[in-house]
Structures are given as structure tokens and as C-alpha cells.
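Novice: Got a file for you: coords_7.txt, compact mmCIF, C-alpha atoms.
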# COMPACT_ATOMS: atom_id res chain seq x y z
CA LEU N 134 -132.44 122.65 140.05
CA LEU N 135 -133.51 119.64 138.02
CA ALA N 136 -130.03 119.39 136.47
CA ARG N 137 -128.64 119.27 140.01
CA LYS N 138 -131.01 116.42 140.89
CA ALA N 139 -133.56 118.36 142.96
CA ASP N 140 -136.19 115.99 144.35
CA VAL N 141 -139.38 116.79 142.41
CA LYS N 142 -141.33 114.57 144.80
CA SER N 143 -140.33 116.60 147.85
CA ARG N 144 -143.34 117.95 149.73
CA SER N 145 -143.86 120.52 152.44
CA ARG N 146 -145.60 119.58 155.67
CA SER N 147 -148.86 120.71 154.07
CA GLY N 148 -148.35 118.18 151.25
CA THR N 149 -147.51 120.75 148.59
CA ASP N 150 -144.91 119.97 145.95
CA ALA N 151 -143.39 121.93 143.06
CA LEU N 152 -145.94 120.60 140.55
CA THR N 153 -148.83 121.76 142.73
CA ILE N 154 -147.31 125.22 143.07
CA ALA N 155 -146.68 125.46 139.32
CA THR N 156 -150.34 124.68 138.56
CA THR N 157 -151.47 127.77 140.46
CA TYR N 158 -150.17 129.95 137.63
CA ARG N 159 -151.30 130.28 134.03
CA GLY N 160 -148.87 129.49 131.26
CA THR N 161 -146.77 126.98 133.16
CA ALA N 162 -147.34 123.89 130.99
CA THR N 163 -143.66 123.84 129.98
CA VAL N 164 -142.64 123.81 133.65
CA LEU N 165 -145.21 121.10 134.40
CA GLN N 166 -143.83 119.01 131.54
CA LEU N 167 -140.29 119.32 132.91
CA LEU N 168 -141.43 118.38 136.42
CA LEU N 169 -143.49 115.42 135.17
CA ASP N 170 -140.63 114.19 132.99
CA ALA N 171 -138.40 114.36 136.09
CA GLY N 172 -140.80 112.14 138.05
CA ALA N 173 -143.30 114.50 139.67
CA GLU N 174 -146.65 112.84 140.39
CA VAL N 175 -149.89 114.22 138.92
CA GLN N 176 -151.72 113.33 142.11
CA ALA N 177 -150.55 113.23 145.70
CA PRO N 178 -149.49 109.75 146.78
CA GLU N 179 -151.79 107.78 149.05
CA GLY N 180 -151.63 109.08 152.59
CA VAL N 181 -150.63 112.61 151.57
CA ARG N 182 -153.42 115.08 152.10
CA THR N 183 -153.52 118.31 150.09
CA ARG N 184 -156.12 121.04 149.92
CA TYR N 185 -156.37 120.95 146.11
CA SER N 186 -155.02 118.59 143.49
CA PRO N 187 -152.81 119.99 140.72
CA LEU N 188 -155.69 119.40 138.28
CA ALA N 189 -158.15 121.36 140.43
CA LEU N 190 -155.67 124.24 140.64
CA ALA N 191 -155.09 124.22 136.89
CA SER N 192 -158.88 124.24 136.48
CA MET N 193 -159.15 127.31 138.68
CA THR N 194 -156.63 129.22 136.59
CA GLY N 195 -158.31 128.17 133.36
CA ASP N 196 -155.01 127.04 131.90
CA LEU N 197 -156.30 124.64 129.28
CA GLU N 198 -152.84 123.49 128.15
CA SER N 199 -151.86 122.57 131.72
CA THR N 200 -155.20 120.86 132.29
CA ARG N 201 -154.81 118.77 129.15
CA LEU N 202 -151.23 117.89 130.04
CA LEU N 203 -152.19 116.72 133.54
CA LEU N 204 -155.05 114.64 132.13
CA ALA N 205 -152.76 113.11 129.49
CA ARG N 206 -150.28 112.21 132.22
CA GLY N 207 -152.88 110.37 134.30
CA ALA N 208 -154.64 112.95 136.49
CA GLN N 209 -158.14 111.75 137.34
CA PRO N 210 -160.84 114.10 136.00
CA ALA N 211 -162.38 114.55 139.45
CA ALA N 212 -165.58 116.39 140.28
CA GLU N 213 -163.55 118.87 142.32
CA ALA N 214 -161.66 120.07 139.24
CA LEU N 215 -164.87 120.34 137.22
CA SER N 216 -166.61 122.28 139.97
CA GLU N 217 -163.70 124.71 140.21
CA ALA N 218 -163.66 125.24 136.45
CA VAL N 219 -167.37 126.12 136.62
CA THR N 220 -166.84 128.42 139.60
CA PHE N 221 -164.15 130.34 137.75
CA GLY N 222 -166.05 130.35 134.43
CA ASN N 223 -163.49 128.40 132.40
CA ALA N 224 -165.67 126.92 129.64
CA GLU N 225 -162.89 125.21 127.65
CA THR N 226 -161.54 123.63 130.82
CA VAL N 227 -165.06 122.45 131.70
CA ARG N 228 -165.34 120.91 128.22
CA ALA N 229 -161.94 119.18 128.50
CA LEU N 230 -162.77 117.73 131.92
CA ILE N 231 -166.17 116.42 130.81
CA LYS N 232 -164.61 114.93 127.69
CA ALA N 233 -162.00 113.24 129.92
CA GLY N 234 -164.77 111.66 132.01
CA ALA N 235 -165.46 114.09 134.85
CA ASP N 236 -168.95 113.52 136.27
CA ALA N 237 -171.03 116.52 135.20
CA GLY N 238 -174.00 115.09 137.13
CA ILE N 239 -172.58 115.97 140.52
CA ARG N 240 -174.74 117.83 143.00
CA GLU N 241 -174.51 119.14 146.51
CA ALA N 242 -176.58 117.62 149.32
CA SER N 243 -179.10 120.44 148.76
CA GLY N 244 -179.61 119.28 145.18
CA VAL N 245 -177.66 122.18 143.63
CA ASN N 246 -176.12 120.97 140.38
CA LEU N 247 -173.45 122.58 138.20
CA LEU N 248 -175.99 124.63 136.23
CA HIS N 249 -177.46 126.01 139.46
CA TRP N 250 -173.92 126.88 140.50
CA ALA N 251 -173.15 128.52 137.15
CA ALA N 252 -176.28 130.68 137.58
CA ILE N 253 -175.47 131.54 141.20
CA THR N 254 -171.92 132.57 140.28
CA ASN N 255 -173.05 134.28 137.04
CA ARG N 256 -170.90 132.14 134.76
CA ALA N 257 -172.85 132.37 131.51
CA SER N 258 -169.83 131.17 129.53
CA VAL N 259 -170.08 127.60 130.89
CA ILE N 260 -173.83 127.06 130.47
CA SER N 261 -173.86 125.65 126.94
CA THR N 262 -170.93 123.36 127.79
CA LEU N 263 -172.75 122.02 130.87
CA VAL N 264 -175.93 121.44 128.86
CA GLU N 265 -173.86 119.58 126.23
CA GLY N 266 -172.45 117.56 129.16
CA HIS N 267 -176.02 116.50 130.07
CA VAL N 268 -176.42 118.51 133.27
CA PRO N 269 -180.22 118.70 133.78
CA LEU N 270 -181.27 122.15 132.61
CA ASP N 271 -184.53 122.38 134.56
CA ASP N 272 -183.45 120.51 137.66
CA ILE N 273 -185.27 121.68 140.79
CA HIS N 274 -183.15 121.52 143.93
CA ASN N 275 -184.36 120.87 147.49
CA PHE N 276 -185.52 124.48 147.98
CA GLY N 277 -187.51 124.55 144.74
CA PHE N 278 -185.23 126.59 142.48
CA THR N 279 -184.14 125.86 138.93
CA PRO N 280 -180.98 127.37 137.44
CA LEU N 281 -183.17 129.84 135.51
CA MET N 282 -184.86 130.96 138.72
CA TYR N 283 -181.47 131.78 140.22
CA ALA N 284 -180.34 133.60 137.12
CA ALA N 285 -183.53 135.66 137.10
CA THR N 286 -183.50 136.56 140.80
CA LEU N 287 -179.82 137.21 141.55
CA ASP N 288 -178.88 140.70 140.41
CA HIS N 289 -175.41 140.63 138.89
CA GLY N 290 -176.14 143.71 136.81
CA ASN N 291 -176.60 141.87 133.52
CA THR N 292 -178.87 139.33 131.88
CA GLU N 293 -176.27 137.18 130.13
CA THR N 294 -176.83 134.09 132.30
CA VAL N 295 -180.63 134.30 131.86
CA GLU N 296 -180.15 134.66 128.11
CA GLU N 297 -177.82 131.64 127.91
CA LEU N 298 -180.21 129.44 129.91
CA LEU N 299 -183.14 130.48 127.70
CA LYS N 300 -181.08 129.87 124.55
CA ALA N 301 -180.30 126.38 125.91
CA GLY N 302 -184.03 125.73 126.28
CA ALA N 303 -184.72 126.34 129.98
CA ASP N 304 -188.40 125.97 130.85
CA GLN N 305 -189.83 129.37 131.78
CA SER N 306 -193.11 127.91 133.05
CA ILE N 307 -191.70 126.17 136.13
CA ARG N 308 -192.84 127.93 139.31
Re-express the file's structure as C-alpha cells.
Specialist:
Amino acid sequence: LLARKADVKSRSRSGTDALTIATTYRGTATVLQLLLDAGAEVQAPEGVRTRYSPLALASMTGDLESTRLLLARGAQPAAEALSEAVTFGNAETVRALIKAGADAGIREASGVNLLHWAAITNRASVISTLVEGHVPLDDIHNFGFTPLMYAATLDHGNTETVEELLKAGADQSIR
């Protein structure tokens, strides 16, 4: 298709283009490279609304090579991509996004930060990376819970998240 001059910037009515679709799959960095070299844009142009950016989708899949490629080609390390990487438990992607400048200090209106969210979603694998990224370990959100409180009260059938928070130095005395 590219050899026959397919328009890599063509978008559906929903704003989706070939690059966006390719980022929804793992192991597509070679395809992304071809599309980018042919003129695909790492972010939707102004005025085009999409549900997720290519970087956020790559973060969901945990495809570190695609994430790094998009960042190297100018994708902005947005909070959305970082939040999705946490949600899906992709520690190396979380690390790459923080290193690229994604704001690890984001929080919801309720005060829930990324460590709260990692505990709620039982993503022990991202805890040390978030702590290294300076997410407040003992932050108390608007309803009075710390990440450790969530990890201790939500029954996911294991204690891995509690153990990771304690290893990171979470304060057990906060009530």
C-alpha cells in the first residue's frame, strides 16, 4: 500500500488512522516505523478528536519498543499514556514515560494518585517504578485512604501489592 502511495494521514470519521490502529497490537514497531517514515503523525492534528492517542494505545499493550519509537518521533509523554501503562501493569513502559517527562504526580479530583490506582488495580509490578518517579507513597486521598490501605483491604487473592508497598517504605501506622 505504501509503495502505491496510500495516504498514511487518511483518517476515518472517528479520527482513527493506520498508525493508531497499528499501536493497538504488540510487536508492531516495524510497521509504525514504516508509517512514520511515510509521513504518519504521532499525534492527531489539531481539530481531530480521537479516543486514545497512539502513545496511550502503545502504553496499554505494553509494547516498549513502540512506546520508545513514538516518543523518539515526537509523541508527547502525556498523563493519559502513563495512567494507561499503570492500569495495565506495564512497568517498563511506565519507566520509559516517566523518563521522557510524563507527569507522575497526576491525581484524580478525589485525590487518587498513581500509587493508589496501582493498589486498586493490583499492579504490584509498577509500584517501585512509581516510587522512583516520586509519586507520594503515603498520600492520603479525599476519603482518607493511602495506597497501602487499598492494597490491604481489596482482596485480589494475593499479597504482592501489599508486600511491594511495604518494601518501598509505606507507613503502616497511618490510620
Novice: May I have the residues within 6 Å of range 198-210 of chain N as a PyMOL selection string, using only C-alpha atoms and disregarding those fewer than 2 positions away in the same chain?
Specialist: chain N and resi 162+175+191+196+230+235
Novice: Can you pull out the residues contacting Leu287 in chain N? Cut-off 12 Å, using all atoms listed in the file, and skip same-chain residues under 4 positions away; I want them as a compact mmCIF listing (two decimals) with C-alpha atoms, in the coordinates of the input.
Specialist:
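File written: around15.txt
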# COMPACT_ATOMS: atom_id res chain seq x y z
CA HIS N 249 -177.46 126.01 139.46
CA TRP N 250 -173.92 126.88 140.50
CA ALA N 251 -173.15 128.52 137.15
CA ALA N 252 -176.28 130.68 137.58
CA ILE N 253 -175.47 131.54 141.20
CA THR N 254 -171.92 132.57 140.28
CA ASN N 255 -173.05 134.28 137.04
CA PHE N 278 -185.23 126.59 142.48
CA PRO N 280 -180.98 127.37 137.44
CA LEU N 281 -183.17 129.84 135.51
CA MET N 282 -184.86 130.96 138.72
CA TYR N 283 -181.47 131.78 140.22
CA ASN N 291 -176.60 141.87 133.52
CA THR N 292 -178.87 139.33 131.88
CA GLU N 293 -176.27 137.18 130.13
CA THR N 294 -176.83 134.09 132.30
CA VAL N 295 -180.63 134.30 131.86
Novice: At a cut-off of 6 Å around the point (-171.0, 117.2, 138.8) (file coordinates), what residues fall inside when counting all atoms listed in the file? I'd like the answer as a ChimeraX atom specification.
Specialist: /N:212,236-240,247
Novice: I'd like the interatomic distance between CA of Ala171 in chain N and CA of Arg137 in chain N, to a tenth of an Å.
Specialist: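 Distance between the two atoms: 11.6 Å.
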Novice: Can you tell me how far CA of Glu174 in chain N sits from CA of Thr149 in chain N, in Å to one decimal?
Specialist: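 Going from CA of Glu174 in chain N over to CA of Thr149 in chain N, I get 11.4 Å.
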Novice: With distances taken over only C-alpha atoms, which residue among N:Ser243, N:Asn275, N:Ser258, N:Ser306 lies nearest Gly222 in chain N?
Specialist: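 Going through N:Ser243, N:Asn275, N:Ser258, N:Ser306 one by one, the smallest distance to Gly222 in chain N is for N:Ser258.
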Novice: Ranking N:Glu296, N:Ser186, N:Gly234, N:Thr226 by minimum distance to Glu213 in chain N and counting only C-alpha atoms, which one comes first?
Specialist: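 Going through N:Glu296, N:Ser186, N:Gly234, N:Thr226 one by one, the smallest distance to Glu213 in chain N is for N:Ser186.
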Novice: One number please: CA of Lys142 in chain N to CA of Arg184 in chain N, in Å, one decimal.
Specialist: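 For CA of Lys142 in chain N relative to CA of Arg184 in chain N, the distance reads 16.9 Å.
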Novice: With only C-alpha atoms as the atoms that count, which of N:Val268, N:Val141, N:Glu217, N:Thr183 lies nearest to Gln166 in chain N?
Specialist: N:Val141
Novice: So that I can check the surroundings of Thr262 in chain N, please list as a PyMOL selection string every protein, DNA and RNA residue that reaches within 10 Å of it, counting all atoms listed in the file and ignoring chain neighbours fewer than 3 positions away.
Specialist: chain N and resi 219+224-229+231+248+257-259+265-268
Novice: Just want the 8 Å neighbourhood of Thr279 in chain N, counted on all atoms listed in the file, with same-chain residues fewer than 5 positions away dropped. Output as an mmCIF file with C-alpha atoms, in the frame of the given file.
Specialist:
data_model
loop_
_atom_site.group_PDB
_atom_site.id
_atom_site.type_symbol
_atom_site.label_atom_id
_atom_site.label_comp_id
_atom_site.auth_asym_id
_atom_site.auth_seq_id
_atom_site.Cartn_x
_atom_site.Cartn_y
_atom_site.Cartn_z
ATOM 1 C CA HIS N 249 -177.460 126.010 139.460
ATOM 2 C CA LEU N 270 -181.270 122.150 132.610
ATOM 3 C CA ASP N 271 -184.530 122.380 134.560
ATOM 4 C CA ASP N 272 -183.450 120.510 137.660
ATOM 5 C CA ILE N 273 -185.270 121.680 140.790
ATOM 6 C CA HIS N 274 -183.150 121.520 143.930
#
Novice: Quick one: residues within 9 Å of Ala301 in chain N, only C-alpha atoms counted, chain neighbours fewer than 2 positions away excluded, as a ChimeraX atom specification?
Specialist: /N:260-261,264,270,296-299,303
